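Beneath this line is the structure, given in structure tokens, with notes to follow.
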Amino acid sequence: MRNYILNKVWLICWILISCGSDISDFHHKSFIADTHNDVLLRSMSGRNILSNLPESHSDLKKFEQGGVDLQVFSIWVSPSEFEGKYFDRANKMISHLENLCSRVPEKWAIPFNYQDIIFNDQRDILSCMIGVEGGHAIENDLQKLEKLYNRGMRYLGVTWNNSNDWATSAKDENQKRDSLAFIGLSEFGKKVIRKCNELGIMIDVSHAGEQTVKDILDISNKPIIASHSSVYNLCPHFRNLKDDQLFAIKKNGGVVFINFYPTYIDSAFAEKEKYLKESKKSLIDSISAIYGENTDAGWYKVSEELVPYYQSIVPDLSDVVNHIDYVKNLIGINHVGIGADWDGVEILPKNIEHIGKLPALTKMLIDRGYSKKEIRKVLGENFKRVFREVSQ
């Protein structure tokens, strides 16, 4: 009897190990693309993301653990800290990424076209795509837009939380609509959209106001993306997309890349976080005194210190998959992907705390009944399709 029980235990363990191995193998053989990562800010604050950083959501080692084949690195320029120097700061960030790639040319490279992505994938090189977050970076100049394109920018987020001179943001349309000089796209903004179509730049509507999104969809003759947004119906935040917007993006042929940020996937999280930060105000103030107000280094340090306290309030990976499920069921599997916002948020959900844990997402999609073909679309094939169509 004892041998029978031992054999049963061994068989169960073997099945579990085999299944886990199969899932890992499938995950790592799939093409995996994530459309939003702010880790360049961490790197520019002095941290070596080519090493294994314990505090980061992503770095060279974690990209490899997660099986990532393409990562869009966000070029985000603080509208307050770099006023009057937006374009210059964006170029410095691109130069920084170029320098990182030059240090590990056998592992990282900036892609300029669809063929580069395929080439890099065949050689296990991470495609480090450039996405500019916030249209203020072009400083109202189509020549500067084209210069950023020539340096490798392949998507433009038309706004960040701040509106600019040619497009209004979701935050402003929601919180100070009555004081805006205009709503949606200006005439120059329409020229920006047409120029992006002409050059082959993906237009990113994450952070864009509802009227701005409508105006873009009226003008664009290419599919658009939402690089890091989630579902309003599941979590009613102004950064999330409503059903009519999701249907419009489907009609356009675009893709919504789900953001993992707890505030955008769990409607109860923001209030819990508010109380947490109030209770840790002295700690936050002491860090700000050392690093300065509103600095990237200070923000990262605060986030790092608060991680242990976040554990009791963060949602789970299943909440992320709920948003993927919703988009899939509403507008179809061809229009959903992942844009987690790595290193651009204080904390990520349980069981997906960093990009190296992406295989857990694949496992949960399998557990939810997704076919392998559907999972490949979510993980990266939908991104490849929309990029190919825009860049043609």
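How things are named: the first chain in the structure tokens is A, the next is B, and so on; residues count from 1 in each chain; ligands count from 1 in the order shown.
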
Leaving out Phe112 of chain A and any residue of its chain fewer than 2 positions from it, which residues lie within 10 Å of it when counting only C-alpha atoms, given as number ranges by chain? A: 109-110, 114-117, 127-130, 149-154, 391

Those same residues, written as a tab-separated table (two decimals), in the first residue's frame with C-alpha atoms?
chain	number	residue	atom	x	y	z
A	109	ALA	CA	18.20	46.45	-30.61
A	110	ILE	CA	15.87	49.27	-31.70
A	114	TYR	CA	8.43	45.10	-39.33
A	115	GLN	CA	11.37	43.23	-40.86
A	116	ASP	CA	13.60	44.33	-37.97
A	117	ILE	CA	11.14	42.77	-35.51
A	127	SER	CA	13.17	44.62	-29.99
A	128	CYS	CA	13.37	47.87	-27.99
A	129	MET	CA	10.70	49.92	-29.74
A	130	ILE	CA	10.34	53.63	-29.02
A	149	TYR	CA	10.25	59.12	-36.28
A	150	ASN	CA	13.68	59.04	-37.94
A	151	ARG	CA	15.20	58.18	-34.58
A	152	GLY	CA	12.86	55.21	-34.16
A	153	MET	CA	9.62	56.49	-32.62
A	154	ARG	CA	6.90	54.12	-33.77
A	391	SER	CA	3.83	50.84	-41.19

Could you list, as a PyMOL selection string, every residue within 12 Å of Asp325 of chain A, counting only C-alpha atoms and ignoring same-chain residues fewer than 5 positions away? chain A and resi 230-231+234+258+318-320+330-333+335-337+364-365+368-370+374-375+378

Let me see the file: selected residues, N, CA and C atoms, as a PDB file, in the first residue's frame.
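Written out: again-v1.pdb:
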ATOM      1  N   SER A 230      -7.404  50.204 -19.754  1.00  0.00           N
ATOM      2  CA  SER A 230      -8.245  49.070 -19.358  1.00  0.00           C
ATOM      3  C   SER A 230      -9.717  49.432 -19.574  1.00  0.00           C
ATOM      4  N   VAL A 231     -10.627  48.695 -18.950  1.00  0.00           N
ATOM      5  CA  VAL A 231     -12.052  48.753 -19.286  1.00  0.00           C
ATOM      6  C   VAL A 231     -12.833  49.589 -18.268  1.00  0.00           C
ATOM      7  N   LEU A 234     -15.614  47.851 -16.084  1.00  0.00           N
ATOM      8  CA  LEU A 234     -15.144  47.064 -14.945  1.00  0.00           C
ATOM      9  C   LEU A 234     -14.529  47.942 -13.864  1.00  0.00           C
ATOM     10  N   ILE A 258      -4.032  46.054 -22.501  1.00  0.00           N
ATOM     11  CA  ILE A 258      -4.531  46.186 -21.130  1.00  0.00           C
ATOM     12  C   ILE A 258      -3.436  46.617 -20.158  1.00  0.00           C
ATOM     13  N   SER A 318      -5.844  37.741 -11.661  1.00  0.00           N
ATOM     14  CA  SER A 318      -7.164  37.412 -12.212  1.00  0.00           C
ATOM     15  C   SER A 318      -7.938  38.672 -12.592  1.00  0.00           C
ATOM     16  N   ASP A 319      -7.691  39.784 -11.895  1.00  0.00           N
ATOM     17  CA  ASP A 319      -8.361  41.036 -12.237  1.00  0.00           C
ATOM     18  C   ASP A 319      -7.873  41.567 -13.579  1.00  0.00           C
ATOM     19  N   VAL A 320      -6.592  41.372 -13.870  1.00  0.00           N
ATOM     20  CA  VAL A 320      -6.059  41.736 -15.187  1.00  0.00           C
ATOM     21  C   VAL A 320      -6.760  40.919 -16.269  1.00  0.00           C
ATOM     22  N   LEU A 330     -16.362  41.375 -25.865  1.00  0.00           N
ATOM     23  CA  LEU A 330     -17.128  42.494 -26.427  1.00  0.00           C
ATOM     24  C   LEU A 330     -16.775  42.765 -27.888  1.00  0.00           C
ATOM     25  N   ILE A 331     -15.469  42.836 -28.195  1.00  0.00           N
ATOM     26  CA  ILE A 331     -15.088  43.237 -29.557  1.00  0.00           C
ATOM     27  C   ILE A 331     -14.221  42.209 -30.279  1.00  0.00           C
ATOM     28  N   GLY A 332     -13.839  41.123 -29.595  1.00  0.00           N
ATOM     29  CA  GLY A 332     -13.129  40.060 -30.293  1.00  0.00           C
ATOM     30  C   GLY A 332     -11.669  39.932 -29.909  1.00  0.00           C
ATOM     31  N   ILE A 333     -11.156  38.739 -30.062  1.00  0.00           N
ATOM     32  CA  ILE A 333      -9.797  38.388 -29.668  1.00  0.00           C
ATOM     33  C   ILE A 333      -8.737  39.131 -30.473  1.00  0.00           C
ATOM     34  N   HIS A 335      -8.428  42.189 -30.968  1.00  0.00           N
ATOM     35  CA  HIS A 335      -8.309  43.597 -30.591  1.00  0.00           C
ATOM     36  C   HIS A 335      -7.839  43.800 -29.150  1.00  0.00           C
ATOM     37  N   VAL A 336      -7.133  42.829 -28.597  1.00  0.00           N
ATOM     38  CA  VAL A 336      -6.662  42.954 -27.219  1.00  0.00           C
ATOM     39  C   VAL A 336      -5.232  42.443 -27.093  1.00  0.00           C
ATOM     40  N   GLY A 337      -4.451  43.134 -26.249  1.00  0.00           N
ATOM     41  CA  GLY A 337      -3.072  42.738 -25.992  1.00  0.00           C
ATOM     42  C   GLY A 337      -2.665  43.212 -24.605  1.00  0.00           C
ATOM     43  N   MET A 364      -2.917  31.411 -16.762  1.00  0.00           N
ATOM     44  CA  MET A 364      -4.283  31.776 -16.392  1.00  0.00           C
ATOM     45  C   MET A 364      -5.198  31.845 -17.615  1.00  0.00           C
ATOM     46  N   LEU A 365      -4.664  32.313 -18.738  1.00  0.00           N
ATOM     47  CA  LEU A 365      -5.454  32.332 -19.968  1.00  0.00           C
ATOM     48  C   LEU A 365      -5.814  30.904 -20.391  1.00  0.00           C
ATOM     49  N   ARG A 368      -8.521  29.668 -18.228  1.00  0.00           N
ATOM     50  CA  ARG A 368      -9.813  30.287 -18.555  1.00  0.00           C
ATOM     51  C   ARG A 368     -10.407  29.756 -19.856  1.00  0.00           C
ATOM     52  N   GLY A 369      -9.690  28.856 -20.509  1.00  0.00           N
ATOM     53  CA  GLY A 369     -10.238  28.231 -21.707  1.00  0.00           C
ATOM     54  C   GLY A 369      -9.818  28.850 -23.023  1.00  0.00           C
ATOM     55  N   TYR A 370      -8.861  29.763 -23.004  1.00  0.00           N
ATOM     56  CA  TYR A 370      -8.354  30.341 -24.249  1.00  0.00           C
ATOM     57  C   TYR A 370      -7.605  29.274 -25.040  1.00  0.00           C
ATOM     58  N   GLU A 374      -5.574  31.879 -29.647  1.00  0.00           N
ATOM     59  CA  GLU A 374      -6.072  33.099 -29.010  1.00  0.00           C
ATOM     60  C   GLU A 374      -5.015  33.706 -28.091  1.00  0.00           C
ATOM     61  N   ILE A 375      -4.317  32.857 -27.361  1.00  0.00           N
ATOM     62  CA  ILE A 375      -3.297  33.343 -26.424  1.00  0.00           C
ATOM     63  C   ILE A 375      -2.158  34.018 -27.187  1.00  0.00           C
ATOM     64  N   VAL A 378      -3.135  37.537 -28.011  1.00  0.00           N
ATOM     65  CA  VAL A 378      -3.064  38.429 -26.860  1.00  0.00           C
ATOM     66  C   VAL A 378      -1.611  38.765 -26.528  1.00  0.00           C
TER      67      VAL A 378
END

All residues 9 Å or closer to Ile287 of chain A, only C-alpha atoms, same chain fewer than 5 positions away omitted, as an MDAnalysis selection string: chainID A and resid 282 292 298:299 301:302

Can I get the selected residues back with N, CA and C atoms, as a PDB file, in the first residue's frame?
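Result file follows (part.pdb):
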ATOM      1  N   SER A 282       4.605  60.794   6.699  1.00  0.00           N
ATOM      2  CA  SER A 282       5.911  61.215   7.235  1.00  0.00           C
ATOM      3  C   SER A 282       7.050  60.540   6.478  1.00  0.00           C
ATOM      4  N   GLY A 292      13.942  65.579  -3.469  1.00  0.00           N
ATOM      5  CA  GLY A 292      13.283  66.710  -4.113  1.00  0.00           C
ATOM      6  C   GLY A 292      11.844  66.365  -4.485  1.00  0.00           C
ATOM      7  N   GLY A 298      12.857  60.206  -6.640  1.00  0.00           N
ATOM      8  CA  GLY A 298      12.068  60.225  -5.417  1.00  0.00           C
ATOM      9  C   GLY A 298      10.821  59.382  -5.525  1.00  0.00           C
ATOM     10  N   TRP A 299      10.166  59.454  -6.667  1.00  0.00           N
ATOM     11  CA  TRP A 299       8.948  58.658  -6.879  1.00  0.00           C
ATOM     12  C   TRP A 299       9.265  57.163  -6.800  1.00  0.00           C
ATOM     13  N   LYS A 301      11.748  55.784  -5.208  1.00  0.00           N
ATOM     14  CA  LYS A 301      12.121  55.433  -3.834  1.00  0.00           C
ATOM     15  C   LYS A 301      10.884  55.282  -2.957  1.00  0.00           C
ATOM     16  N   VAL A 302       9.920  56.191  -3.107  1.00  0.00           N
ATOM     17  CA  VAL A 302       8.672  56.081  -2.337  1.00  0.00           C
ATOM     18  C   VAL A 302       7.967  54.773  -2.675  1.00  0.00           C
TER      19      VAL A 302
END

Write out as a list in words the set of residues from segment 202-380 of chain A that DSSP, computed on the backbone, places in strand (DSSP E or B). Met202, Ile203, Asp204, Ala208, Ile225, Ala226, Ser227, His228, Ser229, Val231, Leu241, Val255, Val256, Phe257, Ile258, Asp316, Val336, Gly337, Ile338, Trp342 and Lys350 of chain A

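All residues of segment 126-155 of chain A that DSSP, run on the backbone, classes as helix (DSSP H, G or I) are Gly135, His136, Ala137, Ile138, Leu142, Gln143, Lys144, Leu145, Glu146, Lys147, Leu148, Tyr149 and Asn150 of chain A.
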
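Comparing A:Lys144, A:Lys214, A:Arg177, A:Arg385 by their smallest distance to Gly253 of chain A, the closest is A:Arg385 (using only C-alpha atoms).
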
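Atom to atom, atom CA of Arg42 of chain A and atom CA of Ser95 of chain A stand 14.9 Å apart.
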
One decimal, Å: what's the distance from atom CA of Ser206 of chain A over to atom CA of Ile324 of chain A, could you say? 16.1 Å

Separation of atom CA of Phe87 of chain A from atom CA of Asp38 of chain A, in Å and rounded to one decimal: 17.5 Å

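Closest approach to Tyr261 of chain A among A:Asn294, A:Asn233, A:Asn240, A:Gln143: A:Asn240, based on only C-alpha atoms.
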
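You can rank A:His228, A:Lys373, A:Lys350, A:Lys272 by their closest distance to Thr35 of chain A using only C-alpha atoms, and at the top of that list sits A:His228.
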
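Of the residues under consideration (A:Val390, A:Leu145, A:Leu241, A:Ala360), A:Leu241 shows the shortest atom-to-atom contact distance to Tyr264 of chain A when counting only C-alpha atoms.
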
Nearest residue to His136 of chain A out of A:Leu40, A:Ile183, A:Val158, A:Ala297, using only C-alpha atoms? A:Val158

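Distances from A:Arg239, A:Arg123, A:Lys274, A:Arg388 to Asn259 of chain A were compared using only C-alpha atoms, and the smallest one belongs to A:Arg239.
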
Check which residues of segment 198-257 of chain A sit at most 12 Å from segment 70-73 of chain A using only C-alpha atoms, and return one row each with the closest pair of atoms and their distance in Å to one decimal, ordered by chain and rising number, as a Markdown table.
| residue | atom | partner | partner_atom | distance |
| --- | --- | --- | --- | --- |
| A:Met202 | CA | A:Val72 | CA | 11.9 |
| A:Ser227 | CA | A:Val72 | CA | 9.2 |
| A:His228 | CA | A:Val72 | CA | 10.9 |
| A:Phe257 | CA | A:Val72 | CA | 11.8 |

For Leu283 of chain A, please output as a PyMOL selection string all residues within 12 Å (counting only C-alpha atoms; exclusion window: fewer than 4 positions along the same chain). chain A and resi 276-279+287-290+298+301-306

For the residues selected in the previous step, produce a file with C-alpha atoms as a CSV table (one decimal), in the first residue's frame.
chain,number,residue,atom,x,y,z
A,276,LEU,CA,-2.2,54.0,2.9
A,277,LYS,CA,-0.4,57.1,1.7
A,278,GLU,CA,-2.0,59.2,4.3
A,279,SER,CA,-0.8,56.8,7.0
A,287,ILE,CA,12.0,60.8,1.0
A,288,SER,CA,10.9,64.0,-0.8
A,289,ALA,CA,13.1,66.1,1.4
A,290,ILE,CA,16.1,64.0,0.2
A,298,GLY,CA,12.1,60.2,-5.4
A,301,LYS,CA,12.1,55.4,-3.8
A,302,VAL,CA,8.7,56.1,-2.3
A,303,SER,CA,7.2,53.2,-4.4
A,304,GLU,CA,10.0,50.9,-3.3
A,305,GLU,CA,9.4,51.7,0.4
A,306,LEU,CA,5.7,51.3,0.2
